[in-house]
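Each remark here refers to the structure printed beneath this line.
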Amino acid sequence: MVKLDVTARDMDDERPVTYGSEAFHSTDYLAAEKKLLWPKIWQMVERETDIPSPGDWLTYDVGDDSIIVVRMEDGALRAFHNVCPHRGRQLISVPDMLPGKVHSVRGNNRKNFVCGFHGWTFNLEGNNTYILDPQDWGGRLTPDMTCLSEVRVDTWGGFIYINMDPHCAPLREWMGRAGELLDYFELDKMRYKWRQWAIYPCNWKVAIEAFLEPYHIAATHTQLLAYGEYYACSKQYGLHSVSSYDTRDEKYQMAESSGTVRAGKGEDPRISTYELIRENYETVNYTASTQTLVNAAKRLIDELPEGVSPAECIAHWRGQARADDAARGVIWPDVPPDVQHESGLAWALWPNQNILHDVTFAGPCYRVRPYGDDPSKCIFESYALERFPEGEEPETEWVYAEPTAENWGPVLEQDFLNMEFVHKGMKSSGFRGALPNPHQEQKVINLHRNLAEWMGGRGAPKKLGL
Ligand code: FES
Ligand SMILES: [Fe+2]
């Protein structure tokens with residue numbers, strides 16, 4: 001293991017650090033990611049609900065690797081490298097992701113995989129069941145030469161994860177405390193509300209970093225300051241990291257206000273809480289809240305007396321929304337206050353997955369990947385999850401969506417307007433290295449600290465020489 005200059009302790013002590021921009025721009029670094037990073041880590045592939053029945057399958061591509069995940073007769077999942085052991089044809093033809101055309105290749109009722117080149121055939125366990133003219137090899141082909149290469153697969157929170165490294169740690173261990181905390185929110189019971197993707201002109205790290213910290217809200221999403229206070233803290237949890245709302249104002253310090261739950265700022269918390277919740281919901285593409293939560297917040301002005309405290313306002317609002325949801329068959333999980341507090345606002349699940357969570361929704365959530373061999377492009381995906389009454393879950397698919405306000409809502413458009421120019425700006429010969437905020441932007445620092453560990457020390461953050 002590489003010895004890093006910035007330790008977890010340094011992060012907890014909020015030591016200022018810097019790191020260079022090679023990881024964002026170098027084609028050599030991108031090539032190294034394909035060897036040292038993507039084939040070695042647990043990464044989210046898709047929601048389990050996309051392949052519910054035996055024979056359902058899908059493909060997931062990252063770097064030069066393509067993976068097939070398939071649901072077996074007994075309900076278990078198996079995953080294989082998408083390559084025929086004969087002469088290397090992809091078993092399932094997966095074209096490059098193409099705007100408006102190809103996201104991934106999927107299907108169902110699969111009984112076996114037949115290679116289109118010479119017809120070698122494999123069952124869903126990955127074993128070879130047919131070779132044309134096997135006698136020509138003189139009996140020297142063994143089953144372990146002719147089977148598919150297996151990939152580790154597991155699930156957490158309703159997500160399918162794969163890891164191409166046969167010696168990897170179990171997924172549960174990989175998720176660590178982040179997984180334990182998020183388990184309370186029962187993400188597995190949520191379903192897609194919408195899901196969109198785009199090819200965006202920046203490195204995948206620039207894209208994920210645009211959504212790792214609320215430090216940018218004051219300048220990028222200035223309109224949100226009318227009702228919300230976005231001062232944030234952040235904390236590393238080893239691989240993963242979390243940000244939470246912090247406050248410099250005692251009036252808003254309350255146990256409930258640690259996650260996505262907090263009072264709006266202003267004279268009358270009944271009004272500002274509603275405006276805060278409504279604005280987030282409507283301008284973040286109908287996620288970051290739910291219609292139930294918005295409706296309950298709207299009633300605060302009628303249901304509570306003038307002069308009510310922000311804490312009472314929040315307690316009433318959450319209680320009402322919980323009852324409203326129960327009446328339509330959406331039962332909130334019980335999240336103990338200490339878990340609510342520790343679980344914060346949004347998680348960076350290293351390296352390329354972001355989840356903003358609450359008890360009945362998660363979103364906006366993000367997943368990014370490199371696109372081809374160009375360090376200046378990425379596959380950008382965002383989705384919203386929500387708990388729906390049974391039978392009322394919407395049918396959704398991945399929709400290609402150009403990065404406009406019309407497609408993504410005005411808040412995401414504001415983020416898009418930064419990403420391309422962060423990527424360009426960091427190429428400047430006058431850029432001396434990043435100076436991330438040690439209190440509010442630890443998730444960004446932690447992304448690079450952990451990347452350096454996998455990438456042989458390249459791009460490692462260094463403590464500023466104070
Ligand atoms: S490459 Fe698959 S059967 Fe020949
Ligand atoms: Fe943003």
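Labeling convention for the structure tokens: chains A, B, ... as they appear, residues from 1 per chain, ligands from 1 in order of appearance.
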Could you list, with a cut-off of 6 Å and counting only C-alpha atoms and all ligand atoms, the residues of chain A near ligand 1, each shown with its nearest atom pair and the distance in Å rounded to one decimal, rows sorted by chain and ascending number, as JSON lines?
```
{"residue": "A:Cys84", "atom": "CA", "partner": "ligand 1", "partner_atom_place_in_ligand_line": "2 (Fe)", "distance": 4.6}
{"residue": "A:His86", "atom": "CA", "partner": "ligand 1", "partner_atom_place_in_ligand_line": "1 (S)", "distance": 4.6}
{"residue": "A:Arg87", "atom": "CA", "partner": "ligand 1", "partner_atom_place_in_ligand_line": "1 (S)", "distance": 3.9}
{"residue": "A:Gly88", "atom": "CA", "partner": "ligand 1", "partner_atom_place_in_ligand_line": "1 (S)", "distance": 5.0}
{"residue": "A:Arg89", "atom": "CA", "partner": "ligand 1", "partner_atom_place_in_ligand_line": "1 (S)", "distance": 4.6}
{"residue": "A:Cys115", "atom": "CA", "partner": "ligand 1", "partner_atom_place_in_ligand_line": "2 (Fe)", "distance": 4.6}
{"residue": "A:Phe117", "atom": "CA", "partner": "ligand 1", "partner_atom_place_in_ligand_line": "4 (Fe)", "distance": 4.8}
{"residue": "A:His118", "atom": "CA", "partner": "ligand 1", "partner_atom_place_in_ligand_line": "3 (S)", "distance": 3.7}
{"residue": "A:Gly119", "atom": "CA", "partner": "ligand 1", "partner_atom_place_in_ligand_line": "3 (S)", "distance": 4.7}
{"residue": "A:Trp120", "atom": "CA", "partner": "ligand 1", "partner_atom_place_in_ligand_line": "3 (S)", "distance": 4.3}
```
Selected residues, N, CA and C atoms, written as a tab-separated table (two decimals), in the first residue's frame, please.
```tsv
chain	number	residue	atom	x	y	z
A	84	CYS	N	-15.93	-13.95	-25.16
A	84	CYS	CA	-15.90	-15.38	-25.45
A	84	CYS	C	-14.46	-15.89	-25.32
A	86	HIS	N	-13.04	-18.27	-26.73
A	86	HIS	CA	-12.46	-18.82	-27.95
A	86	HIS	C	-11.48	-17.83	-28.59
A	87	ARG	N	-12.01	-16.78	-29.23
A	87	ARG	CA	-11.11	-15.80	-29.82
A	87	ARG	C	-11.48	-14.37	-29.47
A	88	GLY	N	-12.25	-14.26	-28.39
A	88	GLY	CA	-12.38	-12.94	-27.79
A	88	GLY	C	-13.49	-12.04	-28.30
A	89	ARG	N	-14.44	-12.60	-29.06
A	89	ARG	CA	-15.56	-11.74	-29.44
A	89	ARG	C	-16.38	-11.40	-28.20
A	115	CYS	N	-22.08	-17.43	-28.70
A	115	CYS	CA	-21.19	-16.48	-29.37
A	115	CYS	C	-21.51	-16.43	-30.86
A	117	PHE	N	-19.72	-15.60	-33.33
A	117	PHE	CA	-18.61	-15.80	-34.27
A	117	PHE	C	-18.53	-17.26	-34.72
A	118	HIS	N	-18.34	-18.20	-33.76
A	118	HIS	CA	-18.23	-19.62	-34.11
A	118	HIS	C	-19.20	-20.50	-33.33
A	119	GLY	N	-20.09	-19.86	-32.58
A	119	GLY	CA	-21.18	-20.60	-31.96
A	119	GLY	C	-20.89	-21.24	-30.62
A	120	TRP	N	-19.73	-21.03	-30.04
A	120	TRP	CA	-19.52	-21.58	-28.70
A	120	TRP	C	-20.67	-21.09	-27.79
```
**Message:** Around ligand 2, which protein and nucleic acid residues have at least one atom no more than 8 Å from it, if we count only C-alpha atoms and all ligand atoms? List them as a ChimeraX atom specification.
**Reply:** /A:210-211,213-214,216-217,220-221,411-412,414-415
Residues of the last selection are to be written out with N, CA and C atoms, as a tab-separated table (two decimals), in the first residue's frame.
```
chain	number	residue	atom	x	y	z
A	210	ALA	N	-18.64	18.11	-8.75
A	210	ALA	CA	-19.59	19.23	-8.83
A	210	ALA	C	-20.77	19.00	-7.89
A	211	PHE	N	-20.90	17.76	-7.41
A	211	PHE	CA	-22.05	17.42	-6.56
A	211	PHE	C	-21.62	16.87	-5.20
A	213	GLU	N	-20.27	18.84	-2.62
A	213	GLU	CA	-20.22	19.81	-1.51
A	213	GLU	C	-21.22	20.94	-1.70
A	214	PRO	N	-21.86	21.37	-0.62
A	214	PRO	CA	-22.75	22.53	-0.71
A	214	PRO	C	-22.00	23.87	-0.63
A	216	HIS	N	-20.51	25.32	-2.90
A	216	HIS	CA	-20.71	26.07	-4.15
A	216	HIS	C	-22.09	26.72	-4.24
A	217	ILE	N	-22.97	26.40	-3.29
A	217	ILE	CA	-24.36	26.85	-3.46
A	217	ILE	C	-24.48	28.38	-3.45
A	220	THR	N	-23.09	29.53	-6.95
A	220	THR	CA	-23.63	28.88	-8.16
A	220	THR	C	-25.16	28.89	-8.17
A	221	HIS	N	-25.76	28.60	-7.01
A	221	HIS	CA	-27.23	28.53	-6.93
A	221	HIS	C	-27.73	29.66	-6.02
A	411	VAL	N	-31.45	24.04	-11.41
A	411	VAL	CA	-30.30	23.90	-10.49
A	411	VAL	C	-29.20	23.06	-11.13
A	412	LEU	N	-29.57	21.94	-11.74
A	412	LEU	CA	-28.54	21.12	-12.39
A	412	LEU	C	-27.92	21.84	-13.57
A	414	GLN	N	-27.27	24.91	-13.67
A	414	GLN	CA	-26.25	25.79	-13.09
A	414	GLN	C	-24.97	24.99	-12.80
A	415	ASP	N	-25.14	23.76	-12.33
A	415	ASP	CA	-23.96	22.91	-12.08
A	415	ASP	C	-23.25	22.57	-13.39
```
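Close contacts of segment 352-366 of chain A, defined as residues with an atom at most 7 Å away when counting only C-alpha atoms, with chain neighbours fewer than 2 positions off set aside, comprise Phe185, Met190, Ile208, Thr260, Thr287, Ala288, Ser289, Trp332, Pro333, Leu345, Ala346, Trp347, Ala348, Leu349, Trp350, Val368, Glu381, Ser382, Tyr383, Ala384, Leu385, Glu386 and Arg387 of chain A.
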Next, dump the selected residues to file, keeping only C-alpha atoms, as a PDB file, in the first residue's frame.
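Okay, out-v5.pdb is ready:
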```
ATOM      1  CA  PHE A 185     -33.174   4.525   5.166  1.00  0.00           C
ATOM      2  CA  MET A 190     -37.283   2.780  -3.206  1.00  0.00           C
ATOM      3  CA  ILE A 208     -18.771  13.949  -9.515  1.00  0.00           C
ATOM      4  CA  THR A 260     -31.999  16.814   4.497  1.00  0.00           C
ATOM      5  CA  THR A 287     -36.315  15.240  -6.282  1.00  0.00           C
ATOM      6  CA  ALA A 288     -34.499  16.361  -3.070  1.00  0.00           C
ATOM      7  CA  SER A 289     -37.976  16.021  -1.496  1.00  0.00           C
ATOM      8  CA  TRP A 332     -41.532   5.494   6.889  1.00  0.00           C
ATOM      9  CA  PRO A 333     -38.699   3.518   8.413  1.00  0.00           C
ATOM     10  CA  LEU A 345     -27.120  15.075   4.055  1.00  0.00           C
ATOM     11  CA  ALA A 346     -25.379  13.268   1.211  1.00  0.00           C
ATOM     12  CA  TRP A 347     -22.855  10.470   0.755  1.00  0.00           C
ATOM     13  CA  ALA A 348     -19.983  10.106  -1.625  1.00  0.00           C
ATOM     14  CA  LEU A 349     -19.671   6.360  -2.123  1.00  0.00           C
ATOM     15  CA  TRP A 350     -16.163   6.139  -3.465  1.00  0.00           C
ATOM     16  CA  VAL A 368     -20.138   8.940 -13.451  1.00  0.00           C
ATOM     17  CA  GLU A 381     -25.934   9.727 -15.014  1.00  0.00           C
ATOM     18  CA  SER A 382     -28.393  11.062 -12.497  1.00  0.00           C
ATOM     19  CA  TYR A 383     -31.533   9.534 -11.036  1.00  0.00           C
ATOM     20  CA  ALA A 384     -34.156   9.984  -8.371  1.00  0.00           C
ATOM     21  CA  LEU A 385     -35.453   7.179  -6.154  1.00  0.00           C
ATOM     22  CA  GLU A 386     -38.659   7.337  -4.159  1.00  0.00           C
ATOM     23  CA  ARG A 387     -40.866   5.071  -2.061  1.00  0.00           C
TER      24      ARG A 387
END
```
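Counting only C-alpha atoms, Tyr161 of chain A has the following residues at most 7 Å away, ignoring those fewer than 4 positions along the same chain: Trp42, Gln43, Met44, Val45, Val153, Asp154 and Thr155 of chain A.
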Taking C-alpha atoms for each residue, export the selection above as a PDB file, in the first residue's frame.
```
ATOM      1  CA  TRP A  42     -16.753  -2.479  -6.121  1.00  0.00           C
ATOM      2  CA  GLN A  43     -18.885  -0.360  -8.409  1.00  0.00           C
ATOM      3  CA  MET A  44     -22.604   0.107  -8.764  1.00  0.00           C
ATOM      4  CA  VAL A  45     -24.059  -1.381 -11.925  1.00  0.00           C
ATOM      5  CA  VAL A 153     -21.440  -9.629  -7.785  1.00  0.00           C
ATOM      6  CA  ASP A 154     -23.411  -8.611  -4.708  1.00  0.00           C
ATOM      7  CA  THR A 155     -26.199  -6.247  -3.729  1.00  0.00           C
TER       8      THR A 155
END
```
**Message:** What's around Val399 of chain A at 12 Å? Count only C-alpha atoms, leave out sequence neighbours fewer than 5 positions away in its own chain, and write the answer as a list in words.
**Reply:**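 Selected residues are Leu98, Pro99, Gly100, Lys101, Val102, His103, Ser104, Trp194, Arg195, Gln196, Trp197, Ala198, Ile199, Phe380, Glu381, Ser382, Tyr383, Asn407 and Trp408 of chain A.
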